[in-house]
Structures are given as structure tokens and as C-alpha cells.
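J.: Pasting in a structure now, in C-alpha cells, and then I'll have a few things to ask.
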Amino acid sequence: MKPTLLVMAAGMGSRYGGVKQIDSVGMHGETLLDFGVYDAFHNGYGKVVFIIRRDIEHDFRERLFDRIARNMDAEYVFQDRTTLLSEEQARISADRKKPWGTIQAILAAKDAVKTPFTVINADDYYGCTAYKILGDYLSGLSNDDTHHAMVGYKLKNTMSPSGSVTRAICVIKDGDLVSMEENPKIEFDGNGKVVTRLPSGDVYLTGDEPVSMNFFGFTPKVFESFMGYWERFLAKNVAEPKVECLLPNGASEMVTSGEGSIKVFTTPDKWFGMTYSEDKATVMSELRKKIESGYYPEKLWEK
């Protein structure tokens with residue numbers, strides 16, 4: 001069966017200063033997401049499901065979705081503050097201003113995903129090779145398989161010169177994930193060295209550490225594990241106004257609990273993304289180079 005591409009596009013874009021999911025960066029108005037979906041489509045993916053906020057639906061359809069849907073099977077689902085919450089949980093968390101993070105996002109789409117699937121961030125460029133690696137792997141799995149996968153990147157290749165980034169640093173053994181932990185503030189110090197700012201103090205890194213960029217390949221079986229993680233998270237944090245339920249942490253717990261495994265692949269492709277508004281010029285430049293080299297056609301879609 002053909003795998004599905006699941007796109008997490010409900011972020012608020014607070015550091016970027018706008019709705020970066022649908023910001024134009026291509027030569028004909030294409031978004032960064034256009035390139036990711038194009039790569040998936042040309043590597044055997046049969047469907048794309050977007051997770052979005054209700055308040056961007058009109059612009060999302062006009063600037064991205066309708067174009068994609070004319071070229072491949074596509075749909076979208078919504079994620080908001082109350083998604084998957086009971087009435088009582090919604091009442092308790094009424095002061096919260098934004099959704100609950102990437103685990104909630106994935107669970108919001110569980111009824112729309114019927115095959116093994118790849119998860120991506122809307123604001124990251126992963127490269128064509130990554131889609132082929134996971135697409136080929138997922139095509140050989142059944143929906144009940146617990147042998148999941150991910151594509152990892154070197155930390156130093158995922159940094160932004162414009163400010164700090166959030167990355168999940170991975171521990172890997174014999175090609176399989178052992179654990180990973182989200183580090184919410186990794187940046188270059190004044191001397192160009194990589195440092196993670198932890199509550200317990202600064203920790204310097206080599207830059208060669210393998211990190212997750214939320215490029216995971218799962219089967220639908222994973223929804224069971226993530227639902228349990230989500231329910232335990234809410235039991236502890238429903239009254240917290242800012243804490244998020246994060247995919248790397250949920251995936252790591254799935255591995256350490258023995259509910260599933262994650263095989264780690266690597267790719268030679270260069271990552272780039274749109275964390276800050278200053279990153280847009282770099283993204284546009286990198287994409288133009290790829291178009292000029294023939295990696296992508298000047299106009300991605302036929303219509």
C-alpha cells in the first residue's frame with residue numbers, strides 16, 4: 001500500500017512573525033510545503049493530510065491546498081486548543097491560548113490516516129532522498145507493525161544563524177533509537193560554538209549529535225501508544241497554560257516502554273527551514289539553486 005504524508009501545519013509562527021506554512025518562497029508563489037509534498041508525491045506517497053488551524057483555513061486553501069488537491073489525493077483536519085479534550089478538560093484549560101503540541105496534532109489526524117505514514121513539519125525542508133528512504137521502508141509494513149522509523153540529521157546542519165532552535169537529541173545503538181530528549185533552546189554562542197541552554201545550566205555540544213527534525217515514519221499502530229501518552233500528559237498538565245505534548249518525547253517513551261521500535265536512517269540532503277523571518281531569504285536562495293540545477297522544475301505543479 002502507498003504511504004501517507006502527514007503534515008503538521010497548525011503552528012502559530014510566533015518566532016517567524018507570520019503564517020510561515022503558506023508564505024511564498026518559490027518562483028511561482030509556491031510555499032516550502034509545496035516542495036515537500038512534491039517530493040513525497042514523486043516517491044510513491046498516495047495521499048497527503050494536513051493538520052491546520054481553523055483561522056487559516058481560507059488562506060491555506062487559496063495559497064496551497066487547492067493546488068495540491070488538483071494533483072494528488074489530499075485532505076485536511078483541524079487542531080485547536082480543545083481537540084481531544086473532554087468538556088471538563090476544556091474548562092480547566094480555558095486560559096490556554098494555543099494548541100497542545102505535536103502529539104495532539106498527530107492524534108487529531110488519526111481518523112484520516114489509513115496507511116503507514118510519514119510525519120513532517122510544515123516549515124522544514126528535508127530533501128527528496130529522505131522521502132524515498134521512508135517511503136520505501138513504510139511500503140513494506142502492515143498497519144499493525146510496531147517497527148517504525150525516522151530520518152535523523154546532524155545537529156550542526158540544522159542550526160539557524162538567526163537565533164535558537166528546538167531539537168531532540170537522539171541516542172542511537174546499532175541503527176535503532178534508544179531515546180531522545182527535546183532541547184528547547186540550542187544556539188551558537190558568541191564564539192560560534194553550539195550550546196544548549198538548559199534550566200540546570202549551559203551544556204556545550206559538538207554539533208555532530210544526531211537530532212530528530214520530526215521526520216518520522218509510523219504505522220497506524222502508533223496511535224494507540226500516543227493516545228496513552230497524551231492521556232497521561234493531560235492528567236498531569238491540563239491546567240498548565242504553556243506546556244506542550246511533544247512528538248519526540250512521546251516517541252522516545254514508546255521505545256523505552258517496549259511498545260515499538262524506531263529504526264534510524266540518515267540522508268546526505270541538506271536541511272533548511274523557516275524558524276525566523278530572516279531565514280526566508282536563505283530558503284528562497286537554496287530553492288532557486290535547486291531549480292537552476294534541474295533538481296526541481298521551475299513550476300512544480302501542472303495546474
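Identifiers for the C-alpha cells are assigned positionally: chains receive A, B, ... in sequence, residues are indexed from 1 per chain, and ligands are indexed from 1 in the order shown.
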For Tyr295 (chain A), work out the shell of residues within 12 Å, counting only C-alpha atoms and skipping chain neighbours fewer than 6 positions away, then give it as a short mmCIF file (atom, residue, chain, number, x, y, z; two decimals) with C-alpha atoms, in the first residue's frame.
T.:
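Writing done, so here's result-v8.cif:
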data_model
loop_
_atom_site.label_atom_id
_atom_site.label_comp_id
_atom_site.auth_asym_id
_atom_site.auth_seq_id
_atom_site.Cartn_x
_atom_site.Cartn_y
_atom_site.Cartn_z
CA PHE A 35 8.31 21.22 -2.34
CA TYR A 38 6.09 17.28 -4.44
CA ASP A 39 8.99 15.16 -3.18
CA GLY A 127 15.27 16.78 0.74
CA CYS A 128 13.97 14.26 -1.79
CA THR A 129 16.15 11.39 -0.50
CA GLU A 286 18.52 27.44 -1.69
CA LEU A 287 15.37 26.56 -3.61
CA ARG A 288 16.38 28.74 -6.57
CA LYS A 289 19.72 26.93 -6.71
#
J.: Quick check for you: according to DSSP on this backbone, which residues of region 33-159 of chain A are classed as strand (DSSP E)? Reply as number ranges by chain.
T.: A: 47-52, 73-78, 117-121, 124-125, 147-154
J.: Please report as a tab-separated table every residue of region 121-162 of chain A lying within 8 Å of region 269-272 of chain A, along with the nearest atom pair and their distance in Å (one decimal), using only C-alpha atoms.
T.:
residue	atom	partner	partner_atom	distance
A:Asp124	CA	A:Phe272	CA	6.1
A:Tyr125	CA	A:Phe272	CA	5.3
A:Tyr126	CA	A:Trp271	CA	5.2
A:Gly127	CA	A:Asp269	CA	5.4
A:Cys128	CA	A:Asp269	CA	7.7
A:Thr129	CA	A:Asp269	CA	6.8
A:Ala130	CA	A:Asp269	CA	7.6
A:Tyr153	CA	A:Trp271	CA	8.0
A:Asn157	CA	A:Trp271	CA	6.6
A:Thr158	CA	A:Trp271	CA	6.1
J.: Rounded to one decimal, what separation in Å do you get between CA of Leu198 (chain A) and CA of Pro184 (chain A)?
T.: 8.1 Å
J.: Can you list, as an MDAnalysis selection string, every protein, DNA or RNA residue that comes within 12 Å of Ser142 (chain A) when you count only C-alpha atoms, leaving out same-chain residues fewer than 2 positions away?
T.: chainID A and resid 1:3 114:117 137:140 144:148 218:222
J.: Using only C-alpha atoms, which protein or nucleic acid residues come within 12 Å of Asp208 (chain A)? Drop anything in the same chain fewer than 5 positions from it, and give the result as a ChimeraX atom specification.
T.: /A:152-159,169-170,193-194
J.: Work out how far apart CA of Glu30 (chain A) and CA of Val7 (chain A) are and give it in Å to one decimal.
T.: 16.1 Å
J.: Given only C-alpha atoms as the basis, pick out the residue of A:Ser293, A:Thr4, A:Ser225, A:Thr118 nearest to Val255 (chain A).
T.: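 Between A:Ser293, A:Thr4, A:Ser225, A:Thr118, the residue approaching Val255 (chain A) most closely is A:Ser225.
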J.: Check region 110-249 of chain A with DSSP on the backbone and list each residue it calls alpha helix (DSSP H), as a ChimeraX atom specification.
T.: /A:128-138,222-237,247-249
J.: Show which residues sit within 8 Å of Asn249 (chain A), as a list in words. Count only C-alpha atoms, and ignore same-chain residues fewer than 6 positions away.
T.: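 Within the cut-off, the hits are Met180, Glu181 and Glu182 of chain A.
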J.: Residues as selected, N, CA and C atoms, written as an mmCIF file, in the first residue's frame, can you do that?
T.:
data_model
loop_
_atom_site.group_PDB
_atom_site.id
_atom_site.type_symbol
_atom_site.label_atom_id
_atom_site.label_comp_id
_atom_site.auth_asym_id
_atom_site.auth_seq_id
_atom_site.Cartn_x
_atom_site.Cartn_y
_atom_site.Cartn_z
ATOM 1 N N MET A 180 15.450 9.819 23.037
ATOM 2 C CA MET A 180 15.725 11.178 22.580
ATOM 3 C C MET A 180 15.049 12.161 23.516
ATOM 4 N N GLU A 181 15.644 13.322 23.595
ATOM 5 C CA GLU A 181 15.144 14.339 24.527
ATOM 6 C C GLU A 181 15.123 15.693 23.845
ATOM 7 N N GLU A 182 13.977 16.358 23.933
ATOM 8 C CA GLU A 182 13.807 17.671 23.324
ATOM 9 C C GLU A 182 14.612 18.713 24.093
#
J.: May I have the residues within 10 Å of region 98-111 of chain A as a ChimeraX atom specification, using only C-alpha atoms and disregarding those fewer than 6 positions away in the same chain?
T.: /A:6-12,49-53,76-85,119,121,214,220,222-224,226-227,229-230,234,238,241-251
J.: For a quick check of understanding, using only C-alpha atoms, which of A:Ile291, A:Leu5, A:Ile92, A:Ile120 has the smallest distance to Gly135 (chain A)?
T.: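 Of the candidates, the smallest distance to Gly135 (chain A) is held by A:Leu5.
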J.: Figure out the distance between CA of Ile172 (chain A) and CA of Glu209 (chain A), please, to one decimal in Å.
T.: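 Pair CA of Glu209 (chain A) / CA of Ile172 (chain A) returns 10.1 Å.
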J.: Between A:Arg167, A:Lys47, A:Lys263, A:Arg91, which residue has the minimum interatomic distance to Ile186 (chain A), considering only C-alpha atoms?
T.: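 Smallest separation from Ile186 (chain A) among the options: A:Arg167.
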